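Colleague: The structure file run.txt (compact mmCIF, C-alpha atoms) is provided below.
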# COMPACT_ATOMS: atom_id res chain seq x y z
CA MET D 982 -44.74 46.01 101.22
CA LYS D 983 -44.18 42.94 99.02
CA LEU D 984 -40.62 44.05 98.34
CA LYS D 985 -40.06 44.44 102.09
CA ILE D 986 -41.23 40.88 102.74
CA VAL D 987 -38.97 39.54 100.00
CA SER D 988 -35.90 41.48 101.11
CA GLN D 989 -36.32 41.02 104.86
CA ILE D 990 -37.74 37.49 105.14
CA VAL D 991 -37.65 35.41 101.97
CA LEU D 992 -34.10 36.24 100.81
CA PRO D 993 -32.38 35.79 104.21
CA ALA D 994 -34.35 32.58 104.81
CA THR D 995 -33.34 31.19 101.43
CA ALA D 996 -29.71 32.17 101.99
CA LEU D 997 -29.75 30.49 105.42
CA LEU D 998 -31.35 27.37 103.95
CA LEU D 999 -28.74 27.14 101.21
CA ALA D 1000 -25.86 27.84 103.58
CA THR D 1001 -26.86 25.21 106.11
CA GLY D 1002 -28.83 22.00 105.63
CA CYS D 1003 -29.68 22.34 101.97
CA SER D 1004 -26.26 22.94 100.51
CA THR D 1005 -24.77 20.18 98.33
CA MET D 1006 -22.05 18.12 100.01
CA SER D 1007 -18.61 19.25 98.85
CA VAL D 1008 -16.03 16.93 97.28
CA SER D 1009 -12.70 16.69 99.08
CA THR D 1010 -9.40 16.78 97.20
CA LEU D 1011 -6.83 14.01 97.47
CA THR D 1012 -3.34 15.43 97.69
CA THR D 1013 -0.40 13.08 97.85
CA GLY D 1014 3.32 13.57 98.29
CA GLN D 1015 6.14 11.88 96.41
CA ALA D 1016 6.38 8.13 96.94
CA ASP D 1017 9.60 8.39 98.94
CA SER D 1018 7.98 10.81 101.41
CA TYR D 1019 5.85 7.98 102.88
CA ALA D 1020 7.04 5.79 105.73
CA GLN D 1021 6.25 2.62 103.74
CA HIS D 1022 7.94 2.94 100.35
CA GLN D 1023 10.15 0.82 98.11
CA GLU D 1024 11.95 1.47 94.83
CA GLN D 1025 12.80 -1.25 92.30
CA ASN D 1026 13.88 -0.92 88.64
CA GLY D 1027 13.09 2.80 88.69
CA LEU D 1028 9.50 2.40 89.95
CA ALA D 1029 8.89 3.75 93.46
CA VAL D 1030 5.76 2.52 95.26
CA ALA D 1031 4.39 3.70 98.61
CA ILE D 1032 1.39 2.58 100.63
CA GLN D 1033 -0.43 4.12 103.55
CA PRO D 1034 -3.23 2.19 105.31
CA MET D 1035 -5.93 4.53 106.67
CA THR D 1036 -7.38 3.57 110.03
CA ASP D 1037 -8.16 6.94 111.60
CA LYS D 1038 -11.96 7.37 111.60
CA ARG D 1039 -11.81 11.17 111.65
CA GLU D 1040 -9.38 11.27 108.74
CA ILE D 1041 -11.52 8.80 106.75
CA ASN D 1042 -14.68 10.81 107.40
CA GLN D 1043 -12.96 14.00 106.33
CA LEU D 1044 -11.70 12.57 103.05
CA PHE D 1045 -14.53 10.23 102.02
CA LYS D 1046 -17.47 11.99 103.74
CA THR D 1047 -18.56 8.66 105.19
CA ASP D 1048 -17.31 6.17 107.77
CA LEU D 1049 -15.87 3.42 105.56
CA LEU D 1050 -14.73 1.27 108.49
CA GLU D 1051 -18.31 1.25 109.81
CA ASN D 1052 -19.32 -0.11 106.38
CA GLY D 1053 -16.64 -2.82 106.45
CA LEU D 1054 -14.25 -1.14 104.02
CA PHE D 1055 -10.57 -0.67 104.79
CA PRO D 1056 -8.86 1.94 102.55
CA ILE D 1057 -5.17 1.78 101.62
CA LEU D 1058 -3.53 4.63 99.71
CA VAL D 1059 -1.14 3.59 96.93
CA VAL D 1060 1.29 6.04 95.32
CA ALA D 1061 3.46 4.91 92.39
CA GLU D 1062 6.07 6.98 90.56
CA ASN D 1063 8.09 5.95 87.55
CA GLY D 1064 11.47 7.62 87.96
CA GLY D 1065 13.11 5.55 85.22
CA LYS D 1066 14.11 6.82 81.78
CA ASP D 1067 12.88 4.08 79.44
CA ALA D 1068 10.55 1.47 80.92
CA SER D 1069 6.77 1.79 81.37
CA PHE D 1070 5.00 -0.09 84.18
CA ILE D 1071 1.40 -1.30 84.41
CA ILE D 1072 -0.31 -0.69 87.74
CA ALA D 1073 -3.78 -2.11 88.52
CA LYS D 1074 -5.84 -2.32 91.68
CA GLU D 1075 -6.53 -6.00 90.92
CA ASN D 1076 -2.84 -6.61 91.50
CA VAL D 1077 -2.83 -5.24 95.02
CA SER D 1078 -3.63 -7.72 97.79
CA VAL D 1079 -3.66 -7.85 101.57
CA ILE D 1080 -2.53 -11.21 102.91
CA SER D 1081 -2.12 -12.36 106.49
CA GLN D 1082 1.39 -13.08 107.74
CA THR D 1083 0.66 -16.81 108.02
CA ASN D 1084 -0.50 -17.08 104.37
CA ILE D 1085 2.09 -14.89 102.70
CA ALA D 1086 4.37 -17.78 101.77
CA THR D 1087 1.66 -19.67 99.86
CA SER D 1088 -0.45 -16.87 98.37
CA THR D 1089 1.94 -14.48 96.65
CA GLY D 1090 2.72 -16.84 93.80
CA HIS D 1091 -0.58 -16.07 92.02
CA ASP D 1092 -0.41 -13.64 89.09
CA LYS D 1093 -4.02 -13.81 87.94
CA ASN D 1094 -4.48 -10.56 86.09
CA LEU D 1095 -1.01 -9.60 85.04
CA GLY D 1096 -0.65 -11.86 82.02
CA SER D 1097 -3.64 -11.08 79.87
CA GLY D 1098 -4.91 -7.67 80.77
CA ALA D 1099 -5.63 -6.06 84.08
CA SER D 1100 -9.37 -5.71 83.73
CA GLY D 1101 -10.45 -8.61 85.95
CA ALA D 1102 -13.28 -7.81 88.34
CA ALA D 1103 -11.88 -9.39 91.49
CA ASN D 1104 -8.60 -10.37 92.99
CA ALA D 1105 -8.38 -14.15 93.27
CA THR D 1106 -5.34 -13.81 95.48
CA GLY D 1107 -7.41 -11.79 97.90
CA ILE D 1108 -10.04 -14.50 98.25
CA ALA D 1109 -7.51 -17.01 99.57
CA ALA D 1110 -7.87 -17.96 103.24
CA GLY D 1111 -6.43 -15.33 105.55
CA ALA D 1112 -6.54 -12.67 102.86
CA MET D 1113 -8.84 -9.68 102.50
CA ILE D 1114 -11.21 -9.29 99.57
CA LEU D 1115 -10.73 -6.39 97.21
CA ALA D 1116 -13.91 -4.31 97.14
CA SER D 1117 -15.29 -1.92 94.57
CA PRO D 1118 -16.88 1.28 95.87
CA LEU D 1119 -19.57 0.70 93.25
CA LEU D 1120 -20.48 -2.67 94.77
CA ALA D 1121 -20.25 -1.27 98.27
CA ALA D 1122 -22.31 1.76 97.31
CA PRO D 1123 -25.69 0.43 98.56
CA LEU D 1124 -24.23 0.13 102.07
CA ILE D 1125 -22.88 3.63 101.93
CA ILE D 1126 -25.96 5.11 100.30
CA ALA D 1127 -28.19 3.56 102.95
CA SER D 1128 -26.32 5.47 105.61
CA ALA D 1129 -26.30 8.78 103.76
CA LYS D 1130 -28.91 11.24 104.97
CA LEU D 1131 -29.85 12.76 101.63
CA ALA D 1132 -30.18 11.41 98.12
CA SER D 1133 -27.85 14.17 96.99
CA ASP D 1134 -25.26 13.22 99.62
CA ALA D 1135 -25.39 9.61 98.44
CA THR D 1136 -24.47 10.56 94.87
CA VAL D 1137 -21.66 12.85 96.05
CA VAL D 1138 -20.26 10.18 98.44
CA GLN D 1139 -20.22 7.67 95.60
CA TYR D 1140 -18.57 10.15 93.25
CA ASN D 1141 -16.03 11.01 95.94
CA LEU D 1142 -15.12 7.33 96.43
CA ALA D 1143 -14.74 6.69 92.70
CA ASP D 1144 -12.71 9.88 92.32
CA LYS D 1145 -10.15 8.65 94.83
CA GLU D 1146 -9.94 5.01 93.79
CA LEU D 1147 -6.81 3.53 92.18
CA TYR D 1148 -7.45 2.65 88.52
CA SER D 1149 -5.47 0.67 85.97
CA ARG D 1150 -2.75 2.79 84.43
CA THR D 1151 0.47 2.45 82.48
CA LEU D 1152 3.12 4.70 83.97
CA GLY D 1153 5.56 6.05 81.42
CA PRO D 1154 8.86 7.64 82.48
CA GLY D 1155 8.12 10.52 84.87
CA ASP D 1156 4.47 9.53 85.41
CA LYS D 1157 2.83 9.30 88.83
CA GLU D 1158 -0.38 7.57 89.88
CA GLN D 1159 -2.17 7.58 93.20
CA GLY D 1160 -5.44 6.29 94.60
CA PHE D 1161 -7.07 4.08 97.16
CA VAL D 1162 -7.75 0.37 97.07
CA PHE D 1163 -10.61 -0.75 99.30
CA PHE D 1164 -10.64 -4.08 101.08
CA GLN D 1165 -13.80 -5.59 102.51
CA PHE D 1166 -13.96 -7.18 105.96
CA GLN D 1167 -16.60 -8.68 108.24
CA LYS D 1168 -17.75 -5.96 110.63
CA LYS D 1169 -18.24 -8.56 113.37
CA SER D 1170 -14.63 -9.72 113.15
CA PRO D 1171 -12.41 -6.92 111.80
CA PRO D 1172 -8.90 -7.98 110.79
CA ALA D 1173 -6.20 -7.56 113.39
CA GLY D 1174 -2.53 -8.49 113.50
CA ASP D 1175 0.30 -8.76 111.00
CA TYR D 1176 -0.50 -8.59 107.30
CA HIS D 1177 1.33 -7.89 104.04
CA VAL D 1178 0.23 -5.47 101.34
CA VAL D 1179 1.54 -6.96 98.10
CA LEU D 1180 1.59 -5.00 94.83
CA LYS D 1181 2.73 -6.41 91.51
CA ALA D 1182 3.78 -4.12 88.68
CA LYS D 1183 4.36 -5.30 85.11
CA ASN D 1184 7.02 -3.95 82.77
CA ALA D 1185 4.99 -3.07 79.65
CA SER D 1186 7.62 -4.09 77.11
CA THR D 1187 9.36 -7.09 78.72
CA GLY D 1188 6.37 -8.44 80.67
CA GLY D 1189 8.60 -8.81 83.74
CA ILE D 1190 6.82 -8.65 87.10
CA THR D 1191 8.17 -6.63 90.02
CA THR D 1192 6.71 -7.44 93.44
CA TYR D 1193 6.49 -4.94 96.28
CA ASP D 1194 5.83 -6.39 99.72
CA PHE D 1195 4.93 -4.11 102.63
CA PRO D 1196 4.49 -5.64 106.10
CA ILE D 1197 1.75 -3.84 108.08
CA THR D 1198 0.09 -4.30 111.44
CA ILE D 1199 -3.67 -3.83 111.30
CA ASN D 1200 -5.43 -2.63 114.40
CA LEU D 1201 -8.78 -1.20 113.34
CA PRO D 1202 -10.76 0.86 115.87
CA LYS D 1203 -13.77 -0.97 117.35
CA MET I 1027 -73.36 -6.16 96.91
CA LYS I 1028 -71.58 -5.02 100.04
CA GLN I 1029 -68.74 -7.51 99.29
CA LEU I 1030 -68.43 -6.21 95.74
CA LYS I 1031 -68.08 -2.65 96.98
CA LEU I 1032 -65.35 -3.65 99.41
CA SER I 1033 -63.38 -5.46 96.71
CA GLN I 1034 -63.73 -2.47 94.39
CA ILE I 1035 -62.40 -0.21 97.13
CA ALA I 1036 -59.51 -2.60 97.74
CA ILE I 1037 -58.60 -2.64 94.03
CA ALA I 1038 -58.80 1.15 93.84
CA PHE I 1039 -56.65 1.45 96.98
CA VAL I 1040 -53.95 -0.87 95.57
CA ALA I 1041 -54.02 1.02 92.26
CA VAL I 1042 -53.55 4.38 94.00
CA ILE I 1043 -50.73 3.06 96.22
CA SER I 1044 -49.02 1.50 93.20
CA PHE I 1045 -49.30 4.74 91.27
CA LEU I 1046 -47.81 6.70 94.16
CA THR I 1047 -44.94 4.33 94.87
CA VAL I 1048 -43.84 3.05 91.45
CA GLY I 1049 -42.51 6.39 90.20
CA CYS I 1050 -41.09 7.22 86.80
CA THR I 1051 -38.04 6.13 84.83
CA HIS I 1052 -36.02 8.96 83.30
CA MET I 1053 -33.65 8.14 80.45
CA ILE I 1054 -30.70 10.46 79.94
CA ARG I 1055 -29.60 9.47 76.46
CA PRO I 1056 -26.15 10.25 75.03
CA PRO I 1057 -25.96 11.77 71.52
CA SER I 1058 -26.65 9.16 68.83
CA GLN I 1059 -23.93 10.50 66.51
CA PRO I 1060 -20.24 9.95 67.36
CA PHE I 1061 -18.02 12.84 68.42
CA THR I 1062 -15.68 13.90 65.59
CA ALA I 1063 -14.07 17.19 66.65
CA TYR I 1064 -10.72 15.68 67.62
CA VAL I 1065 -7.48 17.62 67.46
CA GLY I 1066 -5.38 16.43 64.51
CA GLN I 1067 -2.33 14.48 65.74
CA GLU I 1068 0.33 12.25 64.22
CA LYS I 1069 -1.10 8.73 64.04
CA VAL I 1070 0.53 5.67 65.59
CA PRO I 1071 1.79 3.49 62.69
CA MET I 1072 -0.04 0.25 63.40
CA LYS I 1073 -3.33 -1.51 62.72
CA VAL I 1074 -5.60 -2.19 65.69
CA GLY I 1075 -8.77 -4.17 66.18
CA VAL I 1076 -11.31 -2.26 68.28
CA ASN I 1077 -12.96 -4.96 70.37
CA LEU I 1078 -16.59 -4.06 71.11
CA THR I 1079 -18.11 -6.42 73.66
CA ASP I 1080 -21.68 -7.00 74.80
CA ASP I 1081 -20.57 -5.96 78.29
CA LEU I 1082 -19.57 -2.59 76.86
CA ARG I 1083 -22.76 -2.15 74.81
CA ASN I 1084 -24.93 -2.95 77.85
CA ALA I 1085 -23.08 -0.71 80.31
CA LYS I 1086 -25.39 1.77 81.98
CA SER I 1087 -25.88 3.79 85.12
CA VAL I 1088 -29.08 3.15 87.09
CA TYR I 1089 -29.85 5.39 90.02
CA HIS I 1090 -32.97 5.27 92.20
CA SER I 1091 -34.07 8.32 94.13
CA MET I 1092 -37.38 9.03 95.90
CA GLY I 1093 -39.34 6.56 93.81
CA ASP I 1094 -37.87 7.66 90.48
CA THR I 1095 -35.24 5.84 88.45
CA TRP I 1096 -32.58 7.59 86.38
CA VAL I 1097 -30.88 5.61 83.63
CA ILE I 1098 -27.85 6.63 81.54
CA PRO I 1099 -27.30 4.02 78.78
CA ILE I 1100 -23.64 4.93 78.19
CA GLY I 1101 -22.35 1.66 76.69
CA GLY I 1102 -23.81 2.13 73.19
CA SER I 1103 -22.29 5.59 72.95
CA ILE I 1104 -18.80 4.38 73.90
CA ALA I 1105 -19.16 1.51 71.40
CA THR I 1106 -20.12 4.00 68.66
CA ASN I 1107 -17.30 6.40 69.54
CA ALA I 1108 -14.46 3.89 70.09
CA PRO I 1109 -13.78 3.09 66.39
CA VAL I 1110 -13.94 6.81 65.47
CA LEU I 1111 -11.46 7.63 68.24
CA ALA I 1112 -9.20 4.75 67.13
CA GLU I 1113 -9.23 6.05 63.55
CA GLN I 1114 -7.92 9.38 64.86
CA THR I 1115 -5.09 7.61 66.69
CA PHE I 1116 -3.97 4.62 64.61
CA ASP I 1117 -3.10 4.11 60.93
CA GLY I 1118 -5.50 1.20 60.52
CA VAL I 1119 -8.66 0.18 62.38
CA VAL I 1120 -10.82 -2.94 62.23
CA VAL I 1121 -13.97 -3.34 64.33
CA MET I 1122 -14.20 -6.62 66.25
CA ASN I 1123 -17.33 -8.06 67.81
CA ASN I 1124 -16.81 -9.82 71.17
CA GLY I 1125 -13.17 -10.58 70.41
CA VAL I 1126 -13.78 -12.00 66.89
CA LEU I 1127 -11.83 -10.53 63.98
CA PRO I 1128 -13.63 -10.25 60.63
CA SER I 1129 -12.40 -13.02 58.31
CA GLY I 1130 -9.30 -12.21 56.28
CA GLN I 1131 -8.24 -9.38 58.60
CA GLN I 1132 -5.03 -9.17 60.59
CA VAL I 1133 -4.12 -6.64 63.25
CA ASP I 1134 -1.04 -5.69 65.29
CA ALA I 1135 -2.93 -5.16 68.55
CA ILE I 1136 -6.41 -5.19 70.06
CA LEU I 1137 -7.93 -2.18 71.82
CA THR I 1138 -10.74 -3.01 74.28
CA PRO I 1139 -12.78 -0.32 76.00
CA ARG I 1140 -14.64 -1.03 79.26
CA VAL I 1141 -16.83 1.35 81.26
CA ALA I 1142 -15.15 1.30 84.68
CA TYR I 1143 -17.47 3.84 86.29
CA ILE I 1144 -20.34 6.21 85.54
CA ASN I 1145 -22.22 8.40 87.95
CA ARG I 1146 -24.34 11.53 87.99
CA THR I 1147 -24.40 13.54 91.19
CA VAL I 1148 -27.38 15.72 92.03
CA GLY I 1149 -27.42 18.87 94.12
CA ALA I 1150 -29.37 19.22 97.36
CA THR I 1151 -31.38 21.96 95.62
CA SER I 1152 -32.08 22.66 91.95
CA PHE I 1153 -29.32 25.30 92.07
CA GLY I 1154 -26.72 22.80 93.29
CA ASP I 1155 -24.10 21.32 90.97
CA SER I 1156 -24.76 18.12 89.05
CA ILE I 1157 -21.61 16.31 87.89
CA VAL I 1158 -21.52 13.54 85.29
CA ASP I 1159 -18.37 11.46 85.67
CA ILE I 1160 -17.39 8.65 83.27
CA LYS I 1161 -14.29 6.49 83.53
CA VAL I 1162 -13.37 4.16 80.67
CA GLU I 1163 -10.58 1.62 80.90
CA TRP I 1164 -8.78 1.20 77.55
CA THR I 1165 -6.67 -1.96 77.27
CA LEU I 1166 -4.31 -2.46 74.33
CA ALA I 1167 -3.07 -6.05 74.08
CA ASP I 1168 -1.01 -7.88 71.51
CA THR I 1169 -2.66 -10.68 69.52
CA SER I 1170 -1.52 -13.22 72.16
CA GLY I 1171 -3.41 -11.31 74.85
CA ASN I 1172 -0.43 -9.71 76.60
CA THR I 1173 -1.25 -6.23 77.84
CA ILE I 1174 0.91 -3.57 76.21
CA TRP I 1175 -0.85 -0.59 77.73
CA VAL I 1176 -3.87 0.04 79.94
CA ASN I 1177 -5.24 3.36 81.14
CA THR I 1178 -8.42 4.39 82.87
CA VAL I 1179 -9.41 7.73 81.41
CA ASP I 1180 -11.78 10.16 83.08
CA GLY I 1181 -14.35 12.50 81.53
CA GLN I 1182 -16.42 14.96 83.53
CA ALA I 1183 -18.82 17.83 83.05
CA LYS I 1184 -20.79 19.96 85.45
CA GLY I 1185 -24.04 21.93 85.33
CA SER I 1186 -26.94 22.97 87.49
CA THR I 1187 -29.15 20.15 88.83
CA GLY I 1188 -32.40 21.83 87.96
CA TRP I 1189 -31.46 24.36 85.32
CA THR I 1190 -29.15 22.53 82.91
CA ASN I 1191 -30.49 19.78 80.68
CA PRO I 1192 -28.86 16.54 81.96
CA LYS I 1193 -28.31 15.47 78.32
CA THR I 1194 -26.15 18.56 77.78
CA ILE I 1195 -23.97 17.70 80.80
CA LEU I 1196 -23.71 14.07 79.64
CA LYS I 1197 -22.71 15.14 76.10
CA LYS I 1198 -19.95 17.40 77.48
CA ALA I 1199 -18.70 14.62 79.79
CA ILE I 1200 -18.48 12.17 76.85
CA GLU I 1201 -16.62 14.73 74.73
CA ASN I 1202 -14.23 15.41 77.60
CA LEU I 1203 -13.66 11.66 78.02
CA LEU I 1204 -12.94 11.14 74.31
CA ARG I 1205 -10.55 14.10 74.04
CA ASN I 1206 -8.68 12.87 77.12
CA SER I 1207 -8.61 9.33 75.72
CA GLN I 1208 -7.13 10.53 72.43
CA GLN I 1209 -4.45 12.42 74.34
CA GLU I 1210 -3.59 9.41 76.53
CA LEU I 1211 -3.44 6.97 73.60
CA ASN I 1212 -1.40 9.32 71.46
CA SER I 1213 1.15 10.31 74.09
CA SER I 1214 1.88 6.83 75.48
CA PRO I 1215 5.56 5.84 75.19
CA ALA I 1216 4.56 2.15 75.68
CA ILE I 1217 2.30 2.21 72.58
CA ARG I 1218 4.89 4.06 70.46
CA GLU I 1219 7.57 1.58 71.58
CA PHE I 1220 5.35 -1.39 70.64
CA ALA I 1221 4.61 0.15 67.22
CA LYS I 1222 8.33 0.66 66.64
CA GLN I 1223 9.08 -2.97 67.51
CA ARG I 1224 6.32 -4.16 65.14
CA ALA I 1225 7.74 -2.07 62.30
CA HIS I 1226 11.18 -3.71 62.55
Is it possible to express this structure as structure tokens?

Modeller:
Amino acid sequence: MKLKIVSQIVLPATALLLATGCSTMSVSTLTTGQADSYAQHQEQNGLAVAIQPMTDKREINQLFKTDLLENGLFPILVVAENGGKDASFIIAKENVSVISQTNIATSTGHDKNLGSGASGAANATGIAAGAMILASPLLAAPLIIASAKLASDATVVQYNLADKELYSRTLGPGDKEQGFVFFQFQKKSPPAGDYHVVLKAKNASTGGITTYDFPITINLPK
Amino acid sequence: MKQLKLSQIAIAFVAVISFLTVGCTHMIRPPSQPFTAYVGQEKVPMKVGVNLTDDLRNAKSVYHSMGDTWVIPIGGSIATNAPVLAEQTFDGVVVMNNGVLPSGQQVDAILTPRVAYINRTVGATSFGDSIVDIKVEWTLADTSGNTIWVNTVDGQAKGSTGWTNPKTILKKAIENLLRNSQQELNSSPAIREFAKQRAH
């Protein structure tokens, strides 16, 4: 009798519970193509860089398991590939900025983090008027966690964000790096209009800076 | 007398509420001894200063869930492991405290570790996966502060939320991080190139 109860009620109920509401949120995989396969790409000195702003809510939800735009975060995918034979290039999220068209002429001259290590916490260029502020998913986590329905989901969402972020890396010949940079905006007045995504890469041996400038039009869904 | 009883009840009520809402703090401590089981590799011929900062030593993960707090004090472990890892990778190693070289010492470059990220996921049930993920940014700069090489290295390990000791998962994640770090440091063309230039 006991065995019958276990096999006919308890086991199916447990299986149903695990398969539906009580299963742990899965982590999505970020797959990227070669830099030159993106609409916005440039190649200089052997280093190819591509960017892809993400504004589609459904796509964002699918990849990050949360609505980043609703939380005031605008994700931009960066793909960098070193196709050269000798030089190594340093890529860092602190050296990616989003600047409005009207401020581009005055703001791109700043090279805050490139000279003495790329471990700065914030992008000073991004704080200039008309520019967007670089955000860390860790700092934005309380916003995201507050909107997650389960404690477990909150940890997985945070892990998922960190997993897909762009981190500092030196690209040797043949190396590729990809990841998202997240920019913070005021939910009441989301950015709209013409902007520039500016990325600066440093040649590891000569210290020379290569600037990549991508014009984009931002039109975030309301 | 009646007033005294009411105040006693109020105190007892506050005490019970506090007890129910404060919760516990759980420490998931990394191993106290450094990891040593590195794969033997050809060392980079230069002397580095391993710069251990207070920011690194104090790095930790703090996570609050349902009244409980989970703390992973990772910084001390990375600070203990960094010089051992550097000794596996470079010919000479000097430990620096907050950017200060010991007197009489000279180095070719300075290696600074920084905890960029640490997190522990928990499953929706005790059978669900728990992942510990640690990312450490290693910056190698010359003595003038110019970055020669920087990489953010990842270390992860997975177990069951309720059935694997969290310390075991953390230990595996740290070991994974250190093995990956050794590989990244050792295989970097930028570091080898810098060492070659220094030798000439």

Colleague: Per residue of chain I within 7 Å of chain D, what are the shortest atom pair and its distance in Å to one decimal, counting all atoms listed in the file, with rows by chain and residue number, as JSON lines?

Modeller:
{"residue": "I:Ser1091", "atom": "CA", "partner": "D:Ala1132", "partner_atom": "CA", "distance": 6.4}
{"residue": "I:Asn1145", "atom": "CA", "partner": "D:Tyr1140", "partner_atom": "CA", "distance": 6.7}
{"residue": "I:Arg1146", "atom": "CA", "partner": "D:Thr1136", "partner_atom": "CA", "distance": 6.9}
{"residue": "I:Thr1147", "atom": "CA", "partner": "D:Thr1136", "partner_atom": "CA", "distance": 4.7}
{"residue": "I:Val1148", "atom": "CA", "partner": "D:Ser1133", "partner_atom": "CA", "distance": 5.2}
{"residue": "I:Gly1149", "atom": "CA", "partner": "D:Thr1005", "partner_atom": "CA", "distance": 5.1}
{"residue": "I:Ala1150", "atom": "CA", "partner": "D:Thr1005", "partner_atom": "CA", "distance": 4.8}
{"residue": "I:Thr1151", "atom": "CA", "partner": "D:Cys1003", "partner_atom": "CA", "distance": 6.6}
{"residue": "I:Gly1154", "atom": "CA", "partner": "D:Thr1005", "partner_atom": "CA", "distance": 6.0}
{"residue": "I:Thr1165", "atom": "CA", "partner": "D:Gly1098", "partner_atom": "CA", "distance": 6.9}
{"residue": "I:Gly1171", "atom": "CA", "partner": "D:Ser1097", "partner_atom": "CA", "distance": 5.0}
{"residue": "I:Asn1172", "atom": "CA", "partner": "D:Ser1097", "partner_atom": "CA", "distance": 4.8}
{"residue": "I:Thr1173", "atom": "CA", "partner": "D:Gly1098", "partner_atom": "CA", "distance": 4.9}
{"residue": "I:Ile1174", "atom": "CA", "partner": "D:Ala1185", "partner_atom": "CA", "distance": 5.4}
{"residue": "I:Trp1175", "atom": "CA", "partner": "D:Thr1151", "partner_atom": "CA", "distance": 5.8}
{"residue": "I:Val1176", "atom": "CA", "partner": "D:Arg1150", "partner_atom": "CA", "distance": 5.4}
{"residue": "I:Asn1177", "atom": "CA", "partner": "D:Arg1150", "partner_atom": "CA", "distance": 4.2}
{"residue": "I:Thr1178", "atom": "CA", "partner": "D:Ser1149", "partner_atom": "CA", "distance": 5.7}
{"residue": "I:Pro1215", "atom": "CA", "partner": "D:Gly1153", "partner_atom": "CA", "distance": 6.2}
{"residue": "I:Ala1216", "atom": "CA", "partner": "D:Ser1069", "partner_atom": "CA", "distance": 6.1}

Colleague: Just the residues within 10 Å of region 1076-1079 of chain I, please, counting all atoms listed in the file, with nothing from its chain fewer than 4 positions along; format it as a count of residues only.

Modeller: 31

Colleague: Can you work out the spacing between CA of Gln1059 (chain I) and CA of Val1158 (chain I) in Å, to one decimal?

Modeller: 19.2 Å

Colleague: Would you mind telling me which residue in D:Ala1020, D:Ile1114, D:Ala1182, D:Ala1061 lies nearest to Ile1197 (chain D) when using all atoms listed in the file?

Modeller: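 Among D:Ala1020, D:Ile1114, D:Ala1182, D:Ala1061, it is D:Ala1020 that comes nearest to Ile1197 (chain D).
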
Colleague: Mind listing whatever residues come within 8 Å of the point (-9.1, 8.0, 71.4)? Use only C-alpha atoms, file coordinates, and give them as a PyMOL selection string.

Modeller: chain I and resi 1108+1110-1112+1114-1115+1204-1212

Colleague: Could you tell me how far CA of Ser1156 (chain I) lies from CA of Asp1081 (chain I), in Å and to one decimal?

Modeller: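 Distance between the two atoms: 26.7 Å.
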
Colleague: Check the smallest atom-to-atom distance from each of D:Ile1041, D:Val1030, D:Leu1115, D:Val1079 to Tyr1193 (chain D) using all atoms listed in the file, then report the winner.

Modeller: D:Val1030

Colleague: If I only have part of region 1047-1058 of chain I, can you fill in N, CA and C atoms and write it as an mmCIF file, in the frame of the given file?

Modeller:
data_model
loop_
_atom_site.group_PDB
_atom_site.id
_atom_site.type_symbol
_atom_site.label_atom_id
_atom_site.label_comp_id
_atom_site.auth_asym_id
_atom_site.auth_seq_id
_atom_site.Cartn_x
_atom_site.Cartn_y
_atom_site.Cartn_z
ATOM 1 N N THR I 1047 -46.252 4.865 94.488
ATOM 2 C CA THR I 1047 -44.940 4.330 94.870
ATOM 3 C C THR I 1047 -44.071 3.868 93.709
ATOM 4 N N VAL I 1048 -44.637 3.577 92.563
ATOM 5 C CA VAL I 1048 -43.840 3.050 91.450
ATOM 6 C C VAL I 1048 -42.880 4.105 90.879
ATOM 7 N N GLY I 1049 -43.358 5.327 90.716
ATOM 8 C CA GLY I 1049 -42.510 6.390 90.200
ATOM 9 C C GLY I 1049 -42.241 6.277 88.717
ATOM 10 N N CYS I 1050 -41.369 7.157 88.238
ATOM 11 C CA CYS I 1050 -41.090 7.220 86.800
ATOM 12 C C CYS I 1050 -39.645 6.811 86.519
ATOM 13 N N THR I 1051 -39.401 6.403 85.276
ATOM 14 C CA THR I 1051 -38.040 6.130 84.830
ATOM 15 C C THR I 1051 -37.637 7.233 83.859
ATOM 16 N N HIS I 1052 -36.526 7.878 84.151
ATOM 17 C CA HIS I 1052 -36.020 8.960 83.300
ATOM 18 C C HIS I 1052 -34.778 8.475 82.568
ATOM 19 N N MET I 1053 -34.805 8.540 81.251
ATOM 20 C CA MET I 1053 -33.650 8.140 80.450
ATOM 21 C C MET I 1053 -32.845 9.391 80.071
ATOM 22 N N ILE I 1054 -31.575 9.376 80.393
ATOM 23 C CA ILE I 1054 -30.700 10.460 79.940
ATOM 24 C C ILE I 1054 -29.843 9.867 78.829
ATOM 25 N N ARG I 1055 -30.254 10.135 77.598
ATOM 26 C CA ARG I 1055 -29.600 9.470 76.460
ATOM 27 C C ARG I 1055 -28.403 10.271 75.943
ATOM 28 N N PRO I 1056 -27.298 9.575 75.658
ATOM 29 C CA PRO I 1056 -26.150 10.250 75.030
ATOM 30 C C PRO I 1056 -26.493 10.583 73.577
ATOM 31 N N PRO I 1057 -25.706 11.462 72.930
ATOM 32 C CA PRO I 1057 -25.960 11.770 71.520
ATOM 33 C C PRO I 1057 -25.841 10.493 70.674
ATOM 34 N N SER I 1058 -26.691 10.377 69.655
ATOM 35 C CA SER I 1058 -26.650 9.160 68.830
ATOM 36 C C SER I 1058 -25.495 9.175 67.839
#
